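One structure below.
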Amino acid sequence: MVNSELSKYDSIRPFEPEELPAAYDRMLGDPQFQQVLAYLYPQVPAEAIGQKMRACGTCLDFQKAFCYSFLKDLMAKASKGMDMDVTNVDVKRRYTFVSNHRDIVLDSALLDVQLIDAGFETTCEIAIGDNLLSLPWVKDLVRINKSFIVERSLSPREMLMASKRLSEYMHFVIEKKNDNVWIAQREGRAKDSNDRTQPAILKMMAMGGEGTQRERLRQLHIVPLAISYELDPCDFLKAREMQLRRDVEGWKKSATDDIVSMRTGIMGQKGHVHYHCAPCIDEWLDQLPEDTPKTQFFDIVAAHIDQEIHCNYRIFPNNYVAFDLLNETEAFTDHYTPEERTAFEEYLESRVALINDVPGKDEPFLREQILTMYANPLINHLVAK
C-alpha cells in the first residue's frame, strides 16, 4: 500500500501495522485502561495481556486474538444466541454494510464476529463518531479495532472538507485496501426503533469515487443490513432520555450518559440477535431510470435501503405483544402465547421501574415509549412486505 496515499487520512484511519507497538504501549501505560483490563481479565497478569497484544501484528490479528473470543463469551452470557443470514452476499467480495443502529458498540462488533464465522477473510472498517472518543485510550482502542473516525462538531466549511475526506477514505478501503466497511444508516441510534436512512449519509458517501452519483455509490457495493434484537438492553435509558427531552428545556446527553449506554448495551440481556444481509444494491442502481431527477436520487436510494432493512427484520413474539398493548387490540394474538404476553408485560414493568432519577417520573409516557420501540420494527416490516 502506498503510504503517501494513506497519509491524507492519518487523522481518521485505523492504525497501520508499524503504528501498533506505540499504540499498545500508550494503552498499557494508561491507569484507566489498566483498570478495564483488571475488570475484564481478573485472573490474568497484566504482563501476559501486554505480551499477547504485542504479538498482534495487524488490527485483524488483534480482533481475532481479543475481540472475537470476548464477544463470543459475552453473547453466550448476554443473549439467547446470534446468527446472520449471508445467502444474498458473496464472502469473497467486499461490501459497505449500511445498517440500522441499535447499539453504540455492538452493531459493528457483532458484525465482525459473524463475518469471520460466515467465511469472510476479513472483518470491516467501522465508522465511529468522535463524540464517543473523549478518552485517549478509547481513541487508540477503536483505531486498533479497525475504526475510522467521523468528525462532528465542526464549522460548515470544515464539515464539508471532513465529509469529503471521509467519503474518499471509504472508497479507498473498498478499492485499495480490499476491506469491508460498516456505517450506520443515520447519525445516532433511532431511539424509537423507527429506522430510517438519512439521505445525507448517502450524499456524503457519494462525495468520493468518480463519475455520476450512481457510479460513486455503486463503487462502494452497498449491502443493506437488518439488525434485530429480541430485547434492547438500553430500552429504559432511551425512554428516560425521551422524558428528559420532553420536560427539560435544552436537555442534552452528557459524556457520562454515553458511557452508561455503552456499558448497558454491552452487558445487558439481548434475547435472540439476528443479522440479515439484503442483496448488494449494485444491480438495483443499474436498473434505476436514466432520467431519475438528481434532486430525488438520494431519497430514492434511502427509501430502497429502508425497504430492504424493514423486510429483513426478524420479528419476535414481543414485537407482536408490544403492538397489541400499545394499540389496545388483539390483532396479533395468534403470534404469541398467553405466557409470552405475561412475560413481556412483566419485563415492561421491570424496565419502567429502573427509571428512578427523572423529576416527575411519568410512568404511562415511559411505558408507551418502550412499547413503541418494540412495536415499530413490526409496523415497518408489515408495510415493507
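Scheme for the C-alpha cells: letters A, B, ... for chains in order shown; per-chain residue numbers from 1; ligand numbers from 1 in order shown.
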Subject >> Shell around Val113 (chain A) at 8 Å using only C-alpha atoms, local window under 4 positions removed, as a PyMOL selection string >> reply: chain A and resi 68+71-72+109+117+123
For the residues in that selection, give me N, CA, C and O atoms as a PDB file, in the first residue's frame.
```
ATOM      1  N   TYR A  68     -12.797 -11.206  19.222  1.00  0.00           N
ATOM      2  CA  TYR A  68     -13.630 -12.338  18.800  1.00  0.00           C
ATOM      3  C   TYR A  68     -14.035 -13.198  20.001  1.00  0.00           C
ATOM      4  O   TYR A  68     -15.217 -13.435  20.238  1.00  0.00           O
ATOM      5  N   LEU A  71     -16.305 -11.321  22.554  1.00  0.00           N
ATOM      6  CA  LEU A  71     -17.691 -11.168  22.108  1.00  0.00           C
ATOM      7  C   LEU A  71     -18.434 -12.502  22.110  1.00  0.00           C
ATOM      8  O   LEU A  71     -19.620 -12.561  22.438  1.00  0.00           O
ATOM      9  N   LYS A  72     -17.748 -13.573  21.755  1.00  0.00           N
ATOM     10  CA  LYS A  72     -18.372 -14.909  21.807  1.00  0.00           C
ATOM     11  C   LYS A  72     -18.781 -15.244  23.247  1.00  0.00           C
ATOM     12  O   LYS A  72     -19.894 -15.712  23.509  1.00  0.00           O
ATOM     13  N   ALA A 109     -19.418  -4.538  16.112  1.00  0.00           N
ATOM     14  CA  ALA A 109     -18.560  -5.563  16.718  1.00  0.00           C
ATOM     15  C   ALA A 109     -19.102  -6.966  16.446  1.00  0.00           C
ATOM     16  O   ALA A 109     -18.352  -7.883  16.082  1.00  0.00           O
ATOM     17  N   ASP A 117     -17.221 -15.871  11.104  1.00  0.00           N
ATOM     18  CA  ASP A 117     -17.924 -17.160  11.162  1.00  0.00           C
ATOM     19  C   ASP A 117     -18.514 -17.549   9.799  1.00  0.00           C
ATOM     20  O   ASP A 117     -18.646 -18.728   9.485  1.00  0.00           O
ATOM     21  N   THR A 123     -12.687  -8.645   8.422  1.00  0.00           N
ATOM     22  CA  THR A 123     -13.858  -8.107   9.126  1.00  0.00           C
ATOM     23  C   THR A 123     -14.305  -6.847   8.387  1.00  0.00           C
ATOM     24  O   THR A 123     -14.439  -6.881   7.178  1.00  0.00           O
TER      25      THR A 123
END
```
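With only C-alpha atoms as the atoms that count, the minimum distance from Val142 (chain A) to the choices A:Ala375, A:Met242, A:Ala127, A:Val98 is reached by A:Ala127.
With CA of Glu283 (chain A) on one side and CA of Ile379 (chain A) on the other, the separation reads 27.7 Å.
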**OP:** Mind listing the alpha helix (DSSP H) residues of region 138-202 of chain A, per DSSP on the backbone, as a VMD selection string?
**Re:** chain A and resid 138 to 144 156 to 175 199 to 202
Close residues, Pro136 (chain A) itself excluded, 12 Å, only C-alpha atoms, min 4 positions apart in chain, as a CSV table (one decimal) with N, CA and C atoms, in the first residue's frame:
```csv
chain,number,residue,atom,x,y,z
A,23,ALA,N,1.0,2.3,20.0
A,23,ALA,CA,-0.4,2.4,20.5
A,23,ALA,C,-0.6,1.4,21.6
A,26,ARG,N,1.0,2.9,24.7
A,26,ARG,CA,0.2,4.0,25.3
A,26,ARG,C,-0.9,3.5,26.1
A,27,MET,N,-1.6,2.5,25.6
A,27,MET,CA,-2.8,1.9,26.2
A,27,MET,C,-2.4,1.2,27.5
A,28,LEU,N,-1.4,0.4,27.4
A,28,LEU,CA,-1.0,-0.4,28.6
A,28,LEU,C,-0.4,0.4,29.7
A,29,GLY,N,0.0,1.7,29.3
A,29,GLY,CA,0.5,2.6,30.4
A,29,GLY,C,-0.6,3.5,31.0
A,30,ASP,N,-1.8,3.4,30.5
A,30,ASP,CA,-2.9,4.2,30.9
A,30,ASP,C,-3.6,3.6,32.1
A,31,PRO,N,-3.6,4.3,33.3
A,31,PRO,CA,-4.2,3.8,34.5
A,31,PRO,C,-5.6,3.3,34.3
A,32,GLN,N,-6.4,4.1,33.6
A,32,GLN,CA,-7.8,3.7,33.4
A,32,GLN,C,-7.9,2.4,32.6
A,33,PHE,N,-7.1,2.3,31.5
A,33,PHE,CA,-7.1,1.1,30.7
A,33,PHE,C,-6.7,-0.1,31.6
A,130,ASP,N,-16.7,10.9,16.6
A,130,ASP,CA,-15.6,11.4,17.5
A,130,ASP,C,-16.2,11.8,18.9
A,132,LEU,N,-17.7,9.9,20.8
A,132,LEU,CA,-17.5,8.8,21.7
A,132,LEU,C,-16.1,8.6,22.1
A,140,ASP,N,-7.4,5.2,21.0
A,140,ASP,CA,-6.4,4.2,20.5
A,140,ASP,C,-7.1,2.9,20.3
A,141,LEU,N,-7.9,2.4,21.2
A,141,LEU,CA,-8.5,1.1,21.1
A,141,LEU,C,-9.4,1.0,19.9
A,142,VAL,N,-10.2,2.0,19.6
A,142,VAL,CA,-11.1,1.8,18.4
A,142,VAL,C,-10.3,1.8,17.1
A,143,ARG,N,-9.2,2.6,17.1
A,143,ARG,CA,-8.4,2.6,15.9
A,143,ARG,C,-7.6,1.3,15.7
```
**OP:** Tell me which protein, DNA and RNA residues are within 12 Å of Glu19 (chain A), counting only C-alpha atoms, leaving out same-chain ones fewer than 2 positions away, and put them as a ChimeraX atom specification.
**Re:** /A:10,13-17,21-26,54,56-59,140,143-144
The selected residues should be written to file as a short mmCIF file (atom, residue, chain, number, x, y, z; two decimals), in the first residue's frame (atoms: all heavy atoms).
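The new file part.cif reads:
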```cif
data_model
loop_
_atom_site.label_atom_id
_atom_site.label_comp_id
_atom_site.auth_asym_id
_atom_site.auth_seq_id
_atom_site.Cartn_x
_atom_site.Cartn_y
_atom_site.Cartn_z
N ASP A 10 -4.51 10.26 7.79
CA ASP A 10 -3.85 9.92 9.07
C ASP A 10 -4.70 10.26 10.29
O ASP A 10 -4.67 9.54 11.28
CB ASP A 10 -2.50 10.65 9.19
CG ASP A 10 -1.42 9.95 8.37
OD1 ASP A 10 -1.70 8.87 7.80
OD2 ASP A 10 -0.29 10.50 8.28
N ARG A 13 -7.99 7.42 10.15
CA ARG A 13 -7.96 6.00 9.77
C ARG A 13 -7.54 5.10 10.93
O ARG A 13 -6.94 5.57 11.91
CB ARG A 13 -7.01 5.80 8.59
CG ARG A 13 -5.58 6.18 8.93
CD ARG A 13 -4.58 5.82 7.85
NE ARG A 13 -3.26 6.34 8.16
CZ ARG A 13 -2.46 5.83 9.07
NH1 ARG A 13 -2.82 4.78 9.79
NH2 ARG A 13 -1.26 6.38 9.31
N PRO A 14 -7.78 3.77 10.82
CA PRO A 14 -7.22 2.83 11.79
C PRO A 14 -5.69 2.81 11.69
O PRO A 14 -5.11 3.33 10.74
CB PRO A 14 -7.77 1.47 11.34
CG PRO A 14 -8.90 1.77 10.41
CD PRO A 14 -8.59 3.10 9.80
N PHE A 15 -5.05 2.20 12.68
CA PHE A 15 -3.59 2.13 12.68
C PHE A 15 -3.08 1.14 11.65
O PHE A 15 -3.70 0.11 11.39
CB PHE A 15 -3.07 1.70 14.06
CG PHE A 15 -3.30 2.74 15.14
CD1 PHE A 15 -3.96 2.40 16.31
CD2 PHE A 15 -2.86 4.04 14.97
CE1 PHE A 15 -4.17 3.35 17.31
CE2 PHE A 15 -3.07 5.00 15.96
CZ PHE A 15 -3.73 4.65 17.13
N GLU A 16 -1.94 1.46 11.07
CA GLU A 16 -1.20 0.54 10.22
C GLU A 16 -0.31 -0.34 11.12
O GLU A 16 -0.01 0.06 12.25
CB GLU A 16 -0.34 1.33 9.23
CG GLU A 16 -1.14 1.95 8.08
CD GLU A 16 -1.76 0.90 7.18
OE1 GLU A 16 -1.02 0.22 6.44
OE2 GLU A 16 -2.99 0.74 7.22
N PRO A 17 0.14 -1.50 10.63
CA PRO A 17 0.93 -2.41 11.47
C PRO A 17 2.10 -1.75 12.20
O PRO A 17 2.32 -2.00 13.38
CB PRO A 17 1.41 -3.48 10.48
CG PRO A 17 0.33 -3.53 9.45
CD PRO A 17 -0.15 -2.11 9.31
N PRO A 21 2.75 -1.03 17.79
CA PRO A 21 3.51 -1.14 19.05
C PRO A 21 3.39 0.10 19.94
O PRO A 21 3.19 -0.02 21.15
CB PRO A 21 4.96 -1.35 18.56
CG PRO A 21 4.80 -2.01 17.23
CD PRO A 21 3.58 -1.38 16.61
N ALA A 22 3.49 1.29 19.34
CA ALA A 22 3.39 2.53 20.13
C ALA A 22 1.98 2.67 20.74
O ALA A 22 1.83 3.11 21.88
CB ALA A 22 3.72 3.74 19.27
N ALA A 23 0.96 2.29 19.96
CA ALA A 23 -0.43 2.37 20.46
C ALA A 23 -0.62 1.40 21.63
O ALA A 23 -1.24 1.76 22.64
CB ALA A 23 -1.41 2.06 19.33
N TYR A 24 -0.09 0.18 21.50
CA TYR A 24 -0.18 -0.78 22.62
C TYR A 24 0.49 -0.20 23.87
O TYR A 24 -0.06 -0.29 24.97
CB TYR A 24 0.50 -2.11 22.25
CG TYR A 24 -0.14 -2.89 21.11
CD1 TYR A 24 0.65 -3.68 20.27
CD2 TYR A 24 -1.52 -2.85 20.88
CE1 TYR A 24 0.09 -4.42 19.23
CE2 TYR A 24 -2.08 -3.57 19.83
CZ TYR A 24 -1.27 -4.35 19.01
OH TYR A 24 -1.84 -5.08 17.98
N ASP A 25 1.67 0.38 23.70
CA ASP A 25 2.40 0.93 24.85
C ASP A 25 1.61 2.05 25.53
O ASP A 25 1.53 2.10 26.76
CB ASP A 25 3.78 1.47 24.42
CG ASP A 25 4.76 0.35 24.06
OD1 ASP A 25 4.47 -0.81 24.43
OD2 ASP A 25 5.79 0.63 23.41
N ARG A 26 1.01 2.93 24.72
CA ARG A 26 0.22 4.03 25.30
C ARG A 26 -0.94 3.48 26.12
O ARG A 26 -1.20 3.92 27.24
CB ARG A 26 -0.35 4.93 24.18
CG ARG A 26 0.64 5.90 23.58
CD ARG A 26 -0.07 6.97 22.76
NE ARG A 26 -0.87 6.46 21.66
CZ ARG A 26 -0.40 6.17 20.44
NH1 ARG A 26 0.89 6.33 20.17
NH2 ARG A 26 -1.22 5.71 19.49
N ARG A 54 1.14 -7.38 22.04
CA ARG A 54 2.31 -7.05 21.20
C ARG A 54 2.57 -8.12 20.14
O ARG A 54 3.27 -7.85 19.16
CB ARG A 54 3.54 -6.84 22.09
CG ARG A 54 3.44 -5.57 22.93
CD ARG A 54 4.73 -5.25 23.67
NE ARG A 54 4.57 -4.06 24.49
CZ ARG A 54 4.30 -4.06 25.79
NH1 ARG A 54 4.17 -5.22 26.44
NH2 ARG A 54 4.17 -2.94 26.46
N CYS A 56 0.28 -9.22 18.29
CA CYS A 56 -0.69 -8.95 17.20
C CYS A 56 -0.07 -7.94 16.23
O CYS A 56 0.06 -6.76 16.56
CB CYS A 56 -2.00 -8.41 17.77
SG CYS A 56 -2.81 -9.54 18.91
N GLY A 57 0.29 -8.41 15.04
CA GLY A 57 1.00 -7.56 14.08
C GLY A 57 0.09 -6.69 13.23
O GLY A 57 0.54 -5.73 12.61
N THR A 58 -1.21 -7.02 13.20
CA THR A 58 -2.17 -6.23 12.43
C THR A 58 -3.43 -6.02 13.27
O THR A 58 -3.64 -6.71 14.28
CB THR A 58 -2.60 -6.95 11.13
OG1 THR A 58 -3.34 -8.13 11.49
CG2 THR A 58 -1.42 -7.33 10.26
N CYS A 59 -4.26 -5.08 12.84
CA CYS A 59 -5.54 -4.85 13.54
C CYS A 59 -6.41 -6.11 13.49
O CYS A 59 -7.09 -6.43 14.47
CB CYS A 59 -6.27 -3.67 12.90
SG CYS A 59 -5.43 -2.08 13.11
N ASP A 140 -7.40 5.20 20.96
CA ASP A 140 -6.41 4.21 20.49
C ASP A 140 -7.06 2.85 20.26
O ASP A 140 -6.83 2.20 19.25
CB ASP A 140 -5.28 4.06 21.53
CG ASP A 140 -4.21 5.15 21.38
OD1 ASP A 140 -4.10 5.73 20.28
OD2 ASP A 140 -3.47 5.40 22.35
N ARG A 143 -9.16 2.57 17.11
CA ARG A 143 -8.35 2.57 15.88
C ARG A 143 -7.59 1.26 15.72
O ARG A 143 -7.31 0.83 14.61
CB ARG A 143 -7.41 3.78 15.87
CG ARG A 143 -8.19 5.10 15.73
CD ARG A 143 -7.28 6.31 15.76
NE ARG A 143 -6.53 6.46 14.52
CZ ARG A 143 -5.56 7.35 14.35
NH1 ARG A 143 -5.21 8.15 15.36
NH2 ARG A 143 -4.91 7.43 13.20
N ILE A 144 -7.27 0.59 16.84
CA ILE A 144 -6.71 -0.76 16.76
C ILE A 144 -7.79 -1.73 16.29
O ILE A 144 -7.52 -2.71 15.61
CB ILE A 144 -6.15 -1.20 18.14
CG1 ILE A 144 -4.92 -0.37 18.50
CG2 ILE A 144 -5.79 -2.69 18.14
CD1 ILE A 144 -4.45 -0.57 19.94
#
```
**OP:** Quick one: everything within 12 Å of region 190-193 of chain A, counting only C-alpha atoms, minus sequence neighbours fewer than 2 positions away in the same chain. Send it as a PyMOL selection string.
**Re:** chain A and resi 99-104+184-188+195-198+226-229+231-232+234-243+245+261+310+313+319+366+368-381
**OP:** Considering only C-alpha atoms, return as a count of residues only whatever protein or nucleic-acid residues lie within 12 Å of region 300-308 of chain A, sequence-local ones (same chain, fewer than 4 positions apart) excluded.
**Re:** 56
**OP:** Select, from A:Asp73, A:Glu47, A:Glu230, A:Asp85, the residue with the minimum atom-to-atom distance to Val273 (chain A), counting only C-alpha atoms.
**Re:**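 Residue with the minimum atom-to-atom distance to Val273 (chain A): A:Glu230.
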**OP:** Write out as a PyMOL selection string the residues lying within 10 Å of Met75 (chain A), counting only C-alpha atoms and excluding same-chain residues fewer than 2 positions away.
**Re:** chain A and resi 69-73+77-82+110+266-273
Generate a file of the selected residues that holds N, CA, C and O atoms, formatted as a PDB file, in the first residue's frame.
```pdb
ATOM      1  N   SER A  69     -13.055 -13.617  20.799  1.00  0.00           N
ATOM      2  CA  SER A  69     -13.372 -14.508  21.925  1.00  0.00           C
ATOM      3  C   SER A  69     -14.155 -13.767  23.005  1.00  0.00           C
ATOM      4  O   SER A  69     -15.082 -14.318  23.606  1.00  0.00           O
ATOM      5  N   PHE A  70     -13.811 -12.468  23.231  1.00  0.00           N
ATOM      6  CA  PHE A  70     -14.554 -11.675  24.223  1.00  0.00           C
ATOM      7  C   PHE A  70     -16.035 -11.596  23.844  1.00  0.00           C
ATOM      8  O   PHE A  70     -16.924 -11.801  24.677  1.00  0.00           O
ATOM      9  N   LEU A  71     -16.305 -11.321  22.554  1.00  0.00           N
ATOM     10  CA  LEU A  71     -17.691 -11.168  22.108  1.00  0.00           C
ATOM     11  C   LEU A  71     -18.434 -12.502  22.110  1.00  0.00           C
ATOM     12  O   LEU A  71     -19.620 -12.561  22.438  1.00  0.00           O
ATOM     13  N   LYS A  72     -17.748 -13.573  21.755  1.00  0.00           N
ATOM     14  CA  LYS A  72     -18.372 -14.909  21.807  1.00  0.00           C
ATOM     15  C   LYS A  72     -18.781 -15.244  23.247  1.00  0.00           C
ATOM     16  O   LYS A  72     -19.894 -15.712  23.509  1.00  0.00           O
ATOM     17  N   ASP A  73     -17.866 -14.993  24.194  1.00  0.00           N
ATOM     18  CA  ASP A  73     -18.160 -15.262  25.612  1.00  0.00           C
ATOM     19  C   ASP A  73     -19.297 -14.365  26.103  1.00  0.00           C
ATOM     20  O   ASP A  73     -20.187 -14.810  26.826  1.00  0.00           O
ATOM     21  N   LYS A  77     -23.354 -15.323  27.452  1.00  0.00           N
ATOM     22  CA  LYS A  77     -23.962 -14.943  28.742  1.00  0.00           C
ATOM     23  C   LYS A  77     -25.129 -13.966  28.559  1.00  0.00           C
ATOM     24  O   LYS A  77     -26.094 -14.001  29.319  1.00  0.00           O
ATOM     25  N   ALA A  78     -25.016 -13.041  27.584  1.00  0.00           N
ATOM     26  CA  ALA A  78     -25.953 -11.910  27.498  1.00  0.00           C
ATOM     27  C   ALA A  78     -26.965 -12.040  26.362  1.00  0.00           C
ATOM     28  O   ALA A  78     -27.654 -11.089  26.034  1.00  0.00           O
ATOM     29  N   SER A  79     -27.045 -13.221  25.733  1.00  0.00           N
ATOM     30  CA  SER A  79     -28.047 -13.404  24.675  1.00  0.00           C
ATOM     31  C   SER A  79     -28.496 -14.854  24.653  1.00  0.00           C
ATOM     32  O   SER A  79     -27.905 -15.711  25.312  1.00  0.00           O
ATOM     33  N   LYS A  80     -29.549 -15.111  23.875  1.00  0.00           N
ATOM     34  CA  LYS A  80     -30.002 -16.492  23.657  1.00  0.00           C
ATOM     35  C   LYS A  80     -29.438 -17.015  22.341  1.00  0.00           C
ATOM     36  O   LYS A  80     -29.951 -17.967  21.775  1.00  0.00           O
ATOM     37  N   GLY A  81     -28.386 -16.344  21.843  1.00  0.00           N
ATOM     38  CA  GLY A  81     -27.759 -16.766  20.596  1.00  0.00           C
ATOM     39  C   GLY A  81     -27.878 -15.699  19.526  1.00  0.00           C
ATOM     40  O   GLY A  81     -28.778 -14.863  19.570  1.00  0.00           O
ATOM     41  N   MET A  82     -26.931 -15.725  18.579  1.00  0.00           N
ATOM     42  CA  MET A  82     -26.982 -14.776  17.465  1.00  0.00           C
ATOM     43  C   MET A  82     -26.661 -15.520  16.178  1.00  0.00           C
ATOM     44  O   MET A  82     -25.974 -16.537  16.183  1.00  0.00           O
ATOM     45  N   LEU A 110     -20.421  -7.136  16.589  1.00  0.00           N
ATOM     46  CA  LEU A 110     -21.018  -8.456  16.340  1.00  0.00           C
ATOM     47  C   LEU A 110     -20.998  -8.784  14.846  1.00  0.00           C
ATOM     48  O   LEU A 110     -20.893  -9.952  14.463  1.00  0.00           O
ATOM     49  N   ILE A 266     -23.669  -3.289  26.133  1.00  0.00           N
ATOM     50  CA  ILE A 266     -22.751  -4.429  26.022  1.00  0.00           C
ATOM     51  C   ILE A 266     -23.152  -5.535  27.002  1.00  0.00           C
ATOM     52  O   ILE A 266     -23.272  -6.703  26.629  1.00  0.00           O
ATOM     53  N   MET A 267     -23.379  -5.160  28.264  1.00  0.00           N
ATOM     54  CA  MET A 267     -23.545  -6.180  29.309  1.00  0.00           C
ATOM     55  C   MET A 267     -24.991  -6.686  29.451  1.00  0.00           C
ATOM     56  O   MET A 267     -25.208  -7.776  29.965  1.00  0.00           O
ATOM     57  N   GLY A 268     -25.981  -5.900  28.994  1.00  0.00           N
ATOM     58  CA  GLY A 268     -27.386  -6.250  29.240  1.00  0.00           C
ATOM     59  C   GLY A 268     -27.877  -7.433  28.406  1.00  0.00           C
ATOM     60  O   GLY A 268     -27.278  -7.804  27.398  1.00  0.00           O
ATOM     61  N   GLN A 269     -29.003  -8.003  28.832  1.00  0.00           N
ATOM     62  CA  GLN A 269     -29.598  -9.163  28.143  1.00  0.00           C
ATOM     63  C   GLN A 269     -30.261  -8.720  26.832  1.00  0.00           C
ATOM     64  O   GLN A 269     -31.008  -7.749  26.804  1.00  0.00           O
ATOM     65  N   LYS A 270     -30.011  -9.487  25.772  1.00  0.00           N
ATOM     66  CA  LYS A 270     -30.476  -9.102  24.431  1.00  0.00           C
ATOM     67  C   LYS A 270     -31.480 -10.089  23.841  1.00  0.00           C
ATOM     68  O   LYS A 270     -31.997  -9.849  22.750  1.00  0.00           O
ATOM     69  N   GLY A 271     -31.719 -11.223  24.506  1.00  0.00           N
ATOM     70  CA  GLY A 271     -32.544 -12.255  23.875  1.00  0.00           C
ATOM     71  C   GLY A 271     -31.850 -12.780  22.630  1.00  0.00           C
ATOM     72  O   GLY A 271     -30.626 -12.873  22.574  1.00  0.00           O
ATOM     73  N   HIS A 272     -32.624 -13.085  21.596  1.00  0.00           N
ATOM     74  CA  HIS A 272     -32.035 -13.529  20.325  1.00  0.00           C
ATOM     75  C   HIS A 272     -31.595 -12.311  19.511  1.00  0.00           C
ATOM     76  O   HIS A 272     -32.255 -11.283  19.524  1.00  0.00           O
ATOM     77  N   VAL A 273     -30.481 -12.472  18.780  1.00  0.00           N
ATOM     78  CA  VAL A 273     -29.968 -11.392  17.918  1.00  0.00           C
ATOM     79  C   VAL A 273     -29.809 -11.962  16.509  1.00  0.00           C
ATOM     80  O   VAL A 273     -29.215 -13.027  16.329  1.00  0.00           O
TER      81      VAL A 273
END
```
